[in-house]
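Engineer: This one is coords-v9.tsv, TSV, C-alpha atoms.
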```tsv
chain	number	residue	atom	x	y	z
A	1070	MET	CA	-26.27	-24.70	-5.33
A	1071	LYS	CA	-27.95	-24.12	-8.72
A	1072	LYS	CA	-28.76	-27.83	-9.01
A	1073	ALA	CA	-30.36	-27.79	-5.58
A	1074	ALA	CA	-32.44	-24.76	-6.52
A	1075	MET	CA	-33.60	-26.45	-9.71
A	1076	ALA	CA	-34.48	-29.62	-7.83
A	1077	ALA	CA	-36.53	-27.59	-5.38
A	1078	LEU	CA	-38.39	-25.89	-8.21
A	1079	LEU	CA	-39.47	-29.07	-9.97
A	1080	PRO	CA	-41.95	-30.30	-7.33
A	1081	LEU	CA	-43.33	-26.76	-7.06
A	1082	SER	CA	-43.91	-26.70	-10.83
A	1083	ALA	CA	-45.71	-30.01	-10.62
A	1084	LEU	CA	-47.92	-28.69	-7.83
A	1085	ILE	CA	-48.68	-25.52	-9.77
A	1086	TYR	CA	-49.63	-27.51	-12.87
A	1087	SER	CA	-51.79	-29.84	-10.81
A	1088	TYR	CA	-53.51	-26.87	-9.17
A	1089	ALA	CA	-54.09	-25.28	-12.57
A	1090	GLU	CA	-55.69	-28.47	-13.90
A	1091	GLU	CA	-58.02	-28.73	-10.92
A	1092	THR	CA	-59.17	-25.10	-11.03
A	1093	PHE	CA	-59.11	-24.67	-14.81
A	1094	ASP	CA	-61.54	-22.05	-16.07
A	1095	VAL	CA	-61.41	-21.80	-19.85
A	1096	ARG	CA	-62.69	-18.21	-19.72
A	1097	GLN	CA	-59.30	-17.26	-18.28
A	1098	HIS	CA	-57.45	-18.85	-21.21
A	1099	VAL	CA	-58.94	-17.32	-24.35
A	1100	CYS	CA	-56.04	-15.00	-25.23
A	1101	THR	CA	-57.06	-11.41	-25.98
A	1102	ALA	CA	-60.75	-12.40	-25.85
A	1103	THR	CA	-60.46	-12.84	-22.05
A	1104	ARG	CA	-62.99	-10.60	-20.34
A	1105	TYR	CA	-61.82	-7.86	-17.95
A	1106	ASP	CA	-63.99	-9.12	-15.11
A	1107	VAL	CA	-62.61	-12.64	-15.57
A	1108	ALA	CA	-58.95	-11.64	-15.92
A	1109	LYS	CA	-58.88	-9.51	-12.78
A	1110	ASP	CA	-59.92	-12.52	-10.69
A	1111	ILE	CA	-57.40	-15.03	-12.07
A	1112	PRO	CA	-55.87	-16.81	-9.02
A	1113	GLY	CA	-52.65	-17.52	-10.91
A	1114	ASN	CA	-51.79	-13.84	-11.01
A	1115	TRP	CA	-50.56	-14.16	-7.43
A	1116	SER	CA	-49.85	-10.46	-7.29
A	1117	LEU	CA	-50.13	-8.78	-3.92
A	1118	PRO	CA	-52.79	-6.06	-3.83
A	1119	SER	CA	-51.03	-2.72	-4.17
A	1120	SER	CA	-51.57	-0.25	-1.38
A	1121	ILE	CA	-50.45	3.35	-1.09
A	1122	PRO	CA	-48.48	4.11	2.09
A	1123	ASP	CA	-49.97	6.84	4.29
A	1124	THR	CA	-46.85	8.93	3.74
A	1125	CYS	CA	-47.27	8.92	-0.06
A	1126	THR	CA	-49.62	10.94	-2.26
A	1127	PRO	CA	-50.19	9.93	-5.90
A	1128	ILE	CA	-49.46	12.78	-8.31
A	1129	HIS	CA	-49.77	11.02	-11.67
A	1130	LEU	CA	-51.31	7.92	-13.21
A	1131	ASN	CA	-50.67	6.20	-16.54
A	1132	LEU	CA	-53.05	3.51	-17.74
A	1133	VAL	CA	-52.72	1.57	-20.98
A	1134	ALA	CA	-55.77	-0.62	-21.58
A	1135	ARG	CA	-57.11	-2.82	-24.33
A	1136	HIS	CA	-60.57	-2.14	-25.72
A	1137	GLY	CA	-63.50	-3.95	-24.12
A	1138	THR	CA	-65.12	-7.15	-25.34
A	1139	ARG	CA	-66.07	-6.87	-29.00
A	1140	ALA	CA	-68.25	-8.74	-31.48
A	1141	PRO	CA	-66.59	-11.06	-34.02
A	1142	THR	CA	-65.20	-9.21	-37.04
A	1143	LYS	CA	-66.79	-9.51	-40.49
A	1144	LYS	CA	-64.09	-11.99	-41.54
A	1145	LYS	CA	-64.68	-14.13	-38.46
A	1146	LEU	CA	-68.46	-14.03	-38.93
A	1147	LYS	CA	-67.93	-15.69	-42.30
A	1148	GLU	CA	-65.59	-18.26	-40.73
A	1149	LEU	CA	-68.26	-19.22	-38.19
A	1150	ASN	CA	-70.89	-19.57	-40.92
A	1151	ASP	CA	-68.45	-21.74	-42.87
A	1152	LEU	CA	-67.91	-23.83	-39.73
A	1153	ALA	CA	-71.65	-24.53	-39.54
A	1154	THR	CA	-71.56	-25.78	-43.14
A	1155	ARG	CA	-68.46	-27.85	-42.39
A	1156	ILE	CA	-70.11	-29.49	-39.36
A	1157	GLU	CA	-73.06	-30.47	-41.57
A	1158	VAL	CA	-70.60	-32.13	-43.99
A	1159	LEU	CA	-68.91	-34.04	-41.16
A	1160	LEU	CA	-72.26	-35.29	-39.88
A	1161	GLN	CA	-73.38	-36.26	-43.38
A	1162	ASP	CA	-70.16	-38.23	-43.91
A	1163	THR	CA	-70.82	-40.07	-40.66
A	1164	LYS	CA	-74.32	-41.02	-41.81
A	1165	GLU	CA	-73.23	-42.11	-45.30
A	1166	GLN	CA	-70.43	-44.28	-43.93
A	1167	LYS	CA	-72.84	-45.68	-41.35
A	1168	LEU	CA	-70.46	-44.87	-38.54
A	1169	ALA	CA	-71.47	-44.77	-34.88
A	1170	THR	CA	-72.73	-41.38	-33.77
A	1171	GLN	CA	-72.64	-41.92	-30.02
A	1172	LYS	CA	-69.43	-39.91	-29.68
A	1173	VAL	CA	-70.61	-36.99	-31.81
A	1174	PRO	CA	-71.20	-33.92	-29.59
A	1175	ALA	CA	-74.96	-33.46	-29.23
A	1176	TRP	CA	-74.78	-29.75	-30.00
A	1177	PHE	CA	-73.35	-30.45	-33.47
A	1178	TRP	CA	-76.79	-31.54	-34.71
A	1179	GLY	CA	-78.50	-28.49	-36.20
A	1180	TRP	CA	-75.86	-26.04	-34.95
A	1181	LYS	CA	-75.80	-22.57	-36.52
A	1182	SER	CA	-73.56	-19.65	-35.70
A	1183	PRO	CA	-75.06	-17.49	-32.92
A	1184	TRP	CA	-74.18	-14.52	-35.15
A	1185	LYS	CA	-75.79	-15.87	-38.32
A	1186	GLY	CA	-77.35	-13.04	-40.33
A	1187	LYS	CA	-75.09	-10.40	-38.79
A	1188	LEU	CA	-73.42	-8.42	-41.59
A	1189	ALA	CA	-71.09	-6.03	-39.75
A	1190	GLY	CA	-68.82	-6.88	-36.83
A	1191	GLY	CA	-65.92	-5.90	-34.61
A	1192	GLU	CA	-67.86	-3.31	-32.61
A	1193	LEU	CA	-67.73	-2.88	-28.84
A	1194	ILE	CA	-70.61	-4.82	-27.30
A	1195	LYS	CA	-72.65	-4.04	-24.18
A	1196	GLU	CA	-70.41	-6.18	-21.96
A	1197	GLY	CA	-67.35	-4.35	-23.30
A	1198	GLU	CA	-68.89	-0.98	-22.46
A	1199	GLU	CA	-69.57	-2.14	-18.91
A	1200	GLU	CA	-66.00	-3.46	-18.52
A	1201	LEU	CA	-64.42	-0.10	-19.32
A	1202	TYR	CA	-67.05	1.88	-17.43
A	1203	ASN	CA	-66.36	-0.18	-14.31
A	1204	LEU	CA	-62.61	0.12	-14.86
A	1205	GLY	CA	-63.05	3.90	-14.84
A	1206	ILE	CA	-64.94	3.75	-11.54
A	1207	ARG	CA	-62.35	1.42	-9.96
A	1208	THR	CA	-59.53	3.71	-11.10
A	1209	ARG	CA	-61.15	6.77	-9.52
A	1210	ASP	CA	-61.94	4.89	-6.31
A	1211	LYS	CA	-58.35	3.68	-6.02
A	1212	PHE	CA	-56.80	7.12	-6.59
A	1213	PRO	CA	-59.33	9.67	-5.28
A	1214	GLN	CA	-56.55	12.21	-4.65
A	1215	LEU	CA	-56.07	12.60	-8.40
A	1216	PHE	CA	-59.62	13.78	-8.96
A	1217	ASN	CA	-59.76	16.84	-6.74
A	1218	GLU	CA	-58.76	19.08	-9.65
A	1219	ASP	CA	-61.38	20.61	-11.92
A	1220	TYR	CA	-61.60	18.85	-15.26
A	1221	HIS	CA	-59.31	20.09	-18.01
A	1222	PRO	CA	-58.36	18.06	-21.14
A	1223	ASP	CA	-54.68	18.84	-20.58
A	1224	VAL	CA	-54.86	17.51	-17.03
A	1225	TYR	CA	-56.94	14.41	-17.72
A	1226	LEU	CA	-55.58	13.15	-21.01
A	1227	ILE	CA	-57.56	10.36	-22.70
A	1228	LYS	CA	-56.22	8.93	-25.96
A	1229	ALA	CA	-57.60	6.17	-28.15
A	1230	THR	CA	-56.67	4.63	-31.46
A	1231	GLU	CA	-58.68	5.55	-34.54
A	1232	ILE	CA	-60.52	2.21	-34.39
A	1233	PRO	CA	-64.19	2.69	-33.34
A	1234	ARG	CA	-64.20	-0.03	-30.66
A	1235	ALA	CA	-61.15	1.61	-29.03
A	1236	SER	CA	-62.62	5.11	-29.02
A	1237	ALA	CA	-65.93	3.72	-27.73
A	1238	SER	CA	-63.99	1.99	-24.94
A	1239	ALA	CA	-62.27	5.28	-24.08
A	1240	VAL	CA	-65.66	7.00	-23.86
A	1241	ALA	CA	-67.03	4.24	-21.60
A	1242	PHE	CA	-63.92	4.52	-19.40
A	1243	GLY	CA	-64.29	8.30	-19.17
A	1244	MET	CA	-67.98	8.01	-18.28
A	1245	GLY	CA	-67.04	5.80	-15.35
A	1246	LEU	CA	-64.07	7.94	-14.39
A	1247	PHE	CA	-66.08	11.18	-14.26
A	1248	SER	CA	-69.48	9.76	-13.28
A	1249	GLY	CA	-71.33	12.03	-10.86
A	1250	ARG	CA	-68.83	14.84	-11.47
A	1251	GLY	CA	-70.86	16.93	-13.94
A	1252	ASN	CA	-74.25	18.50	-14.58
A	1253	LEU	CA	-75.55	16.49	-17.54
A	1254	GLY	CA	-78.66	14.37	-17.10
A	1255	PRO	CA	-79.88	12.45	-14.06
A	1256	GLY	CA	-76.49	10.73	-13.68
A	1257	CYS	CA	-74.67	14.08	-13.36
A	1258	ASP	CA	-72.32	13.14	-16.22
A	1259	ARG	CA	-69.89	15.54	-17.81
A	1260	ALA	CA	-68.38	16.03	-21.26
A	1261	PHE	CA	-64.72	15.10	-21.71
A	1262	ALA	CA	-62.26	14.96	-24.58
A	1263	VAL	CA	-60.88	11.84	-26.28
A	1264	SER	CA	-58.08	12.37	-28.81
A	1265	SER	CA	-56.99	9.99	-31.58
A	1266	GLU	CA	-54.16	9.89	-34.08
A	1267	SER	CA	-54.35	8.49	-37.59
A	1268	CYS	CA	-53.57	4.76	-37.78
A	1269	ALA	CA	-51.01	5.65	-40.46
A	1270	THR	CA	-48.87	7.58	-37.97
A	1271	ASP	CA	-49.81	6.24	-34.53
A	1272	ILE	CA	-46.49	4.68	-33.49
A	1273	MET	CA	-47.48	4.38	-29.84
A	1274	LEU	CA	-50.86	2.63	-29.86
A	1275	ARG	CA	-51.17	1.29	-33.41
A	1276	PHE	CA	-47.55	0.56	-34.31
A	1277	HIS	CA	-48.42	-2.70	-36.08
A	1278	ASP	CA	-50.47	-0.73	-38.61
A	1279	CYS	CA	-48.02	2.04	-39.44
A	1280	CYS	CA	-44.77	0.02	-39.53
A	1281	HIS	CA	-44.20	-1.40	-43.02
A	1282	ASN	CA	-41.15	-3.34	-41.85
A	1283	TYR	CA	-43.30	-5.11	-39.26
A	1284	LYS	CA	-45.86	-6.09	-41.90
A	1285	ALA	CA	-43.09	-7.38	-44.16
A	1286	PHE	CA	-41.58	-9.31	-41.25
A	1287	LEU	CA	-44.94	-10.96	-40.49
A	1288	LYS	CA	-45.38	-11.96	-44.12
A	1289	LYS	CA	-41.88	-13.39	-44.26
A	1290	GLN	CA	-42.33	-15.34	-41.01
A	1291	GLU	CA	-45.69	-16.91	-41.92
A	1292	PRO	CA	-44.21	-20.12	-43.43
A	1293	THR	CA	-41.90	-20.58	-40.42
A	1294	VAL	CA	-44.71	-20.01	-37.92
A	1295	ASP	CA	-47.01	-22.37	-39.81
A	1296	LYS	CA	-44.32	-25.04	-39.72
A	1297	LEU	CA	-43.93	-24.60	-35.96
A	1298	LYS	CA	-47.68	-24.91	-35.45
A	1299	GLU	CA	-48.13	-27.93	-37.71
A	1300	PRO	CA	-47.08	-30.69	-35.26
A	1301	ILE	CA	-49.16	-29.16	-32.44
A	1302	LEU	CA	-52.25	-28.79	-34.60
A	1303	ASP	CA	-51.76	-32.24	-36.11
A	1304	GLU	CA	-51.55	-33.76	-32.63
A	1305	ILE	CA	-54.73	-32.03	-31.43
A	1306	THR	CA	-56.54	-32.77	-34.70
A	1307	ASP	CA	-55.68	-36.46	-34.40
A	1308	LYS	CA	-56.86	-36.58	-30.78
A	1309	LEU	CA	-60.20	-34.98	-31.62
A	1310	ARG	CA	-60.69	-37.30	-34.60
A	1311	ARG	CA	-60.31	-40.33	-32.36
A	1312	ARG	CA	-62.25	-38.80	-29.49
A	1313	TYR	CA	-65.36	-37.92	-31.52
A	1314	GLU	CA	-64.89	-40.20	-34.56
A	1315	LEU	CA	-65.20	-37.27	-36.96
A	1316	ASN	CA	-62.80	-36.45	-39.79
A	1317	PHE	CA	-61.62	-33.07	-38.49
A	1318	THR	CA	-59.06	-30.99	-40.40
A	1319	ARG	CA	-56.58	-28.43	-39.08
A	1320	GLN	CA	-58.91	-25.65	-40.23
A	1321	ASP	CA	-61.76	-27.24	-38.29
A	1322	ILE	CA	-59.62	-27.10	-35.14
A	1323	TYR	CA	-58.76	-23.44	-35.78
A	1324	SER	CA	-62.44	-22.57	-36.24
A	1325	LEU	CA	-63.61	-24.59	-33.23
A	1326	TRP	CA	-60.96	-22.91	-31.06
A	1327	TYR	CA	-62.17	-19.50	-32.26
A	1328	LEU	CA	-65.77	-20.50	-31.54
A	1329	CYS	CA	-64.69	-21.61	-28.06
A	1330	LYS	CA	-63.17	-18.17	-27.40
A	1331	GLN	CA	-66.26	-16.33	-28.59
A	1332	GLU	CA	-68.70	-18.54	-26.71
A	1333	ALA	CA	-66.68	-18.27	-23.49
A	1334	SER	CA	-66.16	-14.52	-23.74
A	1335	LEU	CA	-69.35	-13.21	-25.33
A	1336	LEU	CA	-71.92	-15.83	-24.32
A	1337	ASN	CA	-70.35	-17.12	-21.08
A	1338	LYS	CA	-70.82	-20.62	-22.51
A	1339	THR	CA	-68.11	-23.22	-21.92
A	1340	ASP	CA	-69.97	-26.50	-22.41
A	1341	GLN	CA	-69.96	-26.61	-26.23
A	1342	ALA	CA	-66.91	-25.77	-28.36
A	1343	CYS	CA	-64.62	-25.37	-25.34
A	1344	ALA	CA	-65.71	-28.74	-23.96
A	1345	LEU	CA	-64.32	-30.45	-27.07
A	1346	PHE	CA	-60.78	-29.82	-25.80
A	1347	THR	CA	-58.89	-30.85	-22.69
A	1348	PRO	CA	-57.22	-28.12	-20.57
A	1349	SER	CA	-53.78	-29.11	-21.89
A	1350	GLU	CA	-55.01	-28.86	-25.49
A	1351	LEU	CA	-56.48	-25.43	-24.83
A	1352	PHE	CA	-53.19	-24.38	-23.26
A	1353	MET	CA	-51.36	-25.33	-26.46
A	1354	LEU	CA	-53.91	-23.58	-28.66
A	1355	GLU	CA	-53.67	-20.42	-26.55
A	1356	GLY	CA	-50.01	-20.20	-27.56
A	1357	TYR	CA	-47.68	-17.31	-26.87
A	1358	GLY	CA	-46.46	-14.18	-28.62
A	1359	ASN	CA	-43.22	-12.95	-30.12
A	1360	ALA	CA	-40.79	-10.67	-28.28
A	1361	LEU	CA	-40.89	-8.29	-31.25
A	1362	ASN	CA	-44.45	-7.35	-30.32
A	1363	TYR	CA	-43.48	-5.84	-26.99
A	1364	ARG	CA	-40.17	-4.41	-28.25
A	1365	MET	CA	-42.23	-2.38	-30.72
A	1366	GLY	CA	-44.00	-0.87	-27.72
A	1367	VAL	CA	-40.84	1.02	-26.69
A	1368	PRO	CA	-42.15	4.42	-27.99
A	1369	LEU	CA	-45.22	3.94	-25.78
A	1370	LEU	CA	-43.04	3.02	-22.80
A	1371	GLN	CA	-40.89	6.08	-23.47
A	1372	ASP	CA	-44.00	8.28	-23.48
A	1373	VAL	CA	-45.12	6.77	-20.16
A	1374	VAL	CA	-41.74	7.39	-18.53
A	1375	GLN	CA	-41.49	10.94	-19.88
A	1376	SER	CA	-44.98	11.84	-18.67
A	1377	MET	CA	-44.03	10.58	-15.20
A	1378	GLU	CA	-40.87	12.67	-15.21
A	1379	GLN	CA	-42.84	15.74	-16.34
A	1380	ALA	CA	-45.39	15.19	-13.57
A	1381	ILE	CA	-42.62	15.01	-10.96
A	1382	LYS	CA	-41.00	18.17	-12.31
A	1383	ALA	CA	-44.31	20.04	-12.36
A	1384	LYS	CA	-44.94	19.02	-8.76
A	1385	GLU	CA	-41.48	20.16	-7.69
A	1386	ASP	CA	-41.84	23.48	-9.53
A	1387	GLY	CA	-45.21	24.01	-7.89
A	1388	GLY	CA	-46.90	25.55	-10.90
A	1389	GLY	CA	-48.43	24.90	-14.30
A	1390	LEU	CA	-50.89	22.28	-15.46
A	1391	LYS	CA	-49.71	18.72	-15.16
A	1392	HIS	CA	-51.13	15.49	-16.55
A	1393	LEU	CA	-52.76	13.88	-13.54
A	1394	ILE	CA	-53.96	10.89	-15.51
A	1395	GLU	CA	-53.25	9.55	-18.98
A	1396	TYR	CA	-55.40	6.77	-20.41
A	1397	SER	CA	-54.48	5.08	-23.66
A	1398	GLY	CA	-56.73	2.47	-25.24
```
Kindly present the structure from the file in structure tokens form.

Structural biologist:
Amino acid sequence: MKKAAMAALLPLSALIYSYAEETFDVRQHVCTATRYDVAKDIPGNWSLPSSIPDTCTPIHLNLVARHGTRAPTKKKLKELNDLATRIEVLLQDTKEQKLATQKVPAWFWGWKSPWKGKLAGGELIKEGEEELYNLGIRTRDKFPQLFNEDYHPDVYLIKATEIPRASASAVAFGMGLFSGRGNLGPGCDRAFAVSSESCATDIMLRFHDCCHNYKAFLKKQEPTVDKLKEPILDEITDKLRRRYELNFTRQDIYSLWYLCKQEASLLNKTDQACALFTPSELFMLEGYGNALNYRMGVPLLQDVVQSMEQAIKAKEDGGGLKHLIEYSG
């Protein structure tokens, strides 16, 4: 019976892969740089739209969200500037060796980082603000029953990590969530509280920063991970060398993949760096995570479950303030 089930799955897998190739949108495959508005429309999610039965009334909502789209960090800004220099070297080598340049991507000539001259980075950008603002509006529209109560910080709990882009995202979310519910300005906005915990002790939202064992584990695993990535990167590097007749290195591939993510996410541009790769190559570069990363999220999961239990108990007791919504970003 198991063999029959496996046999039945194989053609389905082939069809799924074929469908994915035909409808491939690189903007949906740029890891954590994937935009909110792009991710929510991914066909491959195949999740049925959730609906609340008429006999049910929501009493509590937990939402854990990543910050909105951000600018490249200071370290990555330097990497992109270095990439521009590296591309110049590759083109110069091609000229000196009198190699054919027909296969060289046209955009390589004279390319400079779109963020050249930018000194600071990592901040939430305009698109990121809009993503979280709209998420706040969608959340309120989906659960209007939860917003009949007057605002109180103990009822509508909004938490963010100590990182500026996360707290800015929380503010944008809250502005959408409570838009039109206050008396401030022409938009009838209202003030609301956002709380943060020090990165040194935030075991729920910033566990990778405050866990020394995790940092030591990462350091110890680096050689092993690099060894696992080597054959994949070597294969892609070799393919791009032959495809464009340029002497790419592994680091070049890393940097071009990062540029692809930033162009696709921040500039909505997929015909330059992203176009260098095939869908299957991008799939390999996208990679996957380690189970340890979500196991370390157990304290956060525990907090979510406990807050749900407390909300149920408060509802049953019929008194006292209860957390109607908790947002963590």

Engineer: Just to confirm, what's the straight-line distance from atom CA of A:Ser1267 to atom CA of A:Lys1147 in Å (one decimal)?

Structural biologist: 28.1 Å

Engineer: Taking (-59.9, 8.3, -22.3) in the coordinates of the supplied file, I want to know which residues reach to within 12 Å of it, counting all atoms listed in the file; could you give the answer as a VMD selection string?

Structural biologist: chain A and resid 1131 to 1136 1201 to 1202 1204 to 1205 1222 to 1230 1235 to 1247 1260 to 1265 1394 to 1398

Engineer: Mind giving me the straight-line distance from atom CA of A:Gly1256 to atom CA of A:Leu1193 in Å, one decimal?

Structural biologist: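 Computing it gives 22.2 Å between the two atoms.
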
Engineer: Could you please determine the separation between atom CA of A:Asn1203 and atom CA of A:Ala1380 in Å, to one decimal place?

Structural biologist: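 Computing it gives 26.0 Å between the two atoms.
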
Engineer: Using all atoms listed in the file, which residue out of A:Gly1137, A:Tyr1363, A:Asp1219, A:Asn1337 lies closest to A:His1277?

Structural biologist: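 Using all atoms listed in the file, the shortest distance to A:His1277 belongs to A:Tyr1363.
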
Engineer: Between A:Lys1330, A:Asn1316, A:Ile1272, A:Val1095, which residue has the minimum interatomic distance to A:Leu1370, considering only C-alpha atoms?

Structural biologist: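 Counting only C-alpha atoms, the residue closest to A:Leu1370 is A:Ile1272.
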
Engineer: Rebuild stretch 1247-1270 of chain A to N, CA and C atoms - output it as an mmCIF file, keeping the file's coordinate frame, please.

Structural biologist:
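part09.cif, written as the output of this step:
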```cif
data_model
loop_
_atom_site.group_PDB
_atom_site.id
_atom_site.type_symbol
_atom_site.label_atom_id
_atom_site.label_comp_id
_atom_site.auth_asym_id
_atom_site.auth_seq_id
_atom_site.Cartn_x
_atom_site.Cartn_y
_atom_site.Cartn_z
ATOM 1 N N PHE A 1247 -65.522 9.882 -14.650
ATOM 2 C CA PHE A 1247 -66.080 11.180 -14.260
ATOM 3 C C PHE A 1247 -67.554 11.106 -13.870
ATOM 4 N N SER A 1248 -68.058 9.897 -13.625
ATOM 5 C CA SER A 1248 -69.480 9.760 -13.280
ATOM 6 C C SER A 1248 -69.792 10.535 -11.999
ATOM 7 N N GLY A 1249 -70.914 11.249 -12.029
ATOM 8 C CA GLY A 1249 -71.330 12.030 -10.860
ATOM 9 C C GLY A 1249 -70.538 13.297 -10.665
ATOM 10 N N ARG A 1250 -69.682 13.650 -11.627
ATOM 11 C CA ARG A 1250 -68.830 14.840 -11.470
ATOM 12 C C ARG A 1250 -69.257 15.994 -12.381
ATOM 13 N N GLY A 1251 -70.428 15.871 -13.021
ATOM 14 C CA GLY A 1251 -70.860 16.930 -13.940
ATOM 15 C C GLY A 1251 -72.287 17.354 -13.687
ATOM 16 N N ASN A 1252 -72.892 17.970 -14.714
ATOM 17 C CA ASN A 1252 -74.250 18.500 -14.580
ATOM 18 C C ASN A 1252 -75.179 18.003 -15.684
ATOM 19 N N LEU A 1253 -74.755 16.960 -16.411
ATOM 20 C CA LEU A 1253 -75.550 16.490 -17.540
ATOM 21 C C LEU A 1253 -76.426 15.310 -17.144
ATOM 22 N N GLY A 1254 -77.731 15.471 -17.314
ATOM 23 C CA GLY A 1254 -78.660 14.370 -17.100
ATOM 24 C C GLY A 1254 -78.786 13.936 -15.658
ATOM 25 N N PRO A 1255 -79.638 12.932 -15.433
ATOM 26 C CA PRO A 1255 -79.880 12.450 -14.060
ATOM 27 C C PRO A 1255 -78.653 11.822 -13.410
ATOM 28 N N GLY A 1256 -77.697 11.347 -14.240
ATOM 29 C CA GLY A 1256 -76.490 10.730 -13.680
ATOM 30 C C GLY A 1256 -75.389 11.723 -13.380
ATOM 31 N N CYS A 1257 -75.673 13.022 -13.592
ATOM 32 C CA CYS A 1257 -74.670 14.080 -13.360
ATOM 33 C C CYS A 1257 -73.369 13.765 -14.111
ATOM 34 N N ASP A 1258 -73.500 13.409 -15.392
ATOM 35 C CA ASP A 1258 -72.320 13.140 -16.220
ATOM 36 C C ASP A 1258 -71.709 14.448 -16.683
ATOM 37 N N ARG A 1259 -70.519 14.345 -17.276
ATOM 38 C CA ARG A 1259 -69.890 15.540 -17.810
ATOM 39 C C ARG A 1259 -69.237 15.198 -19.149
ATOM 40 N N ALA A 1260 -69.070 16.210 -19.983
ATOM 41 C CA ALA A 1260 -68.380 16.030 -21.260
ATOM 42 C C ALA A 1260 -66.877 15.961 -20.995
ATOM 43 N N PHE A 1261 -66.173 15.195 -21.828
ATOM 44 C CA PHE A 1261 -64.720 15.100 -21.710
ATOM 45 C C PHE A 1261 -64.152 14.816 -23.098
ATOM 46 N N ALA A 1262 -62.888 15.095 -23.265
ATOM 47 C CA ALA A 1262 -62.260 14.960 -24.580
ATOM 48 C C ALA A 1262 -61.543 13.622 -24.719
ATOM 49 N N VAL A 1263 -61.638 13.033 -25.917
ATOM 50 C CA VAL A 1263 -60.880 11.840 -26.280
ATOM 51 C C VAL A 1263 -60.162 12.154 -27.589
ATOM 52 N N SER A 1264 -58.844 12.055 -27.594
ATOM 53 C CA SER A 1264 -58.080 12.370 -28.810
ATOM 54 C C SER A 1264 -57.585 11.091 -29.473
ATOM 55 N N SER A 1265 -57.476 11.137 -30.799
ATOM 56 C CA SER A 1265 -56.990 9.990 -31.580
ATOM 57 C C SER A 1265 -56.007 10.481 -32.626
ATOM 58 N N GLU A 1266 -55.094 9.599 -32.991
ATOM 59 C CA GLU A 1266 -54.160 9.890 -34.080
ATOM 60 C C GLU A 1266 -54.427 8.916 -35.216
ATOM 61 N N SER A 1267 -54.130 9.343 -36.426
ATOM 62 C CA SER A 1267 -54.350 8.490 -37.590
ATOM 63 C C SER A 1267 -53.585 7.172 -37.437
ATOM 64 N N CYS A 1268 -54.223 6.071 -37.842
ATOM 65 C CA CYS A 1268 -53.570 4.760 -37.780
ATOM 66 C C CYS A 1268 -52.276 4.745 -38.587
ATOM 67 N N ALA A 1269 -52.190 5.618 -39.587
ATOM 68 C CA ALA A 1269 -51.010 5.650 -40.460
ATOM 69 C C ALA A 1269 -49.784 6.204 -39.752
ATOM 70 N N THR A 1270 -50.001 6.943 -38.657
ATOM 71 C CA THR A 1270 -48.870 7.580 -37.970
ATOM 72 C C THR A 1270 -48.813 7.292 -36.476
#
```
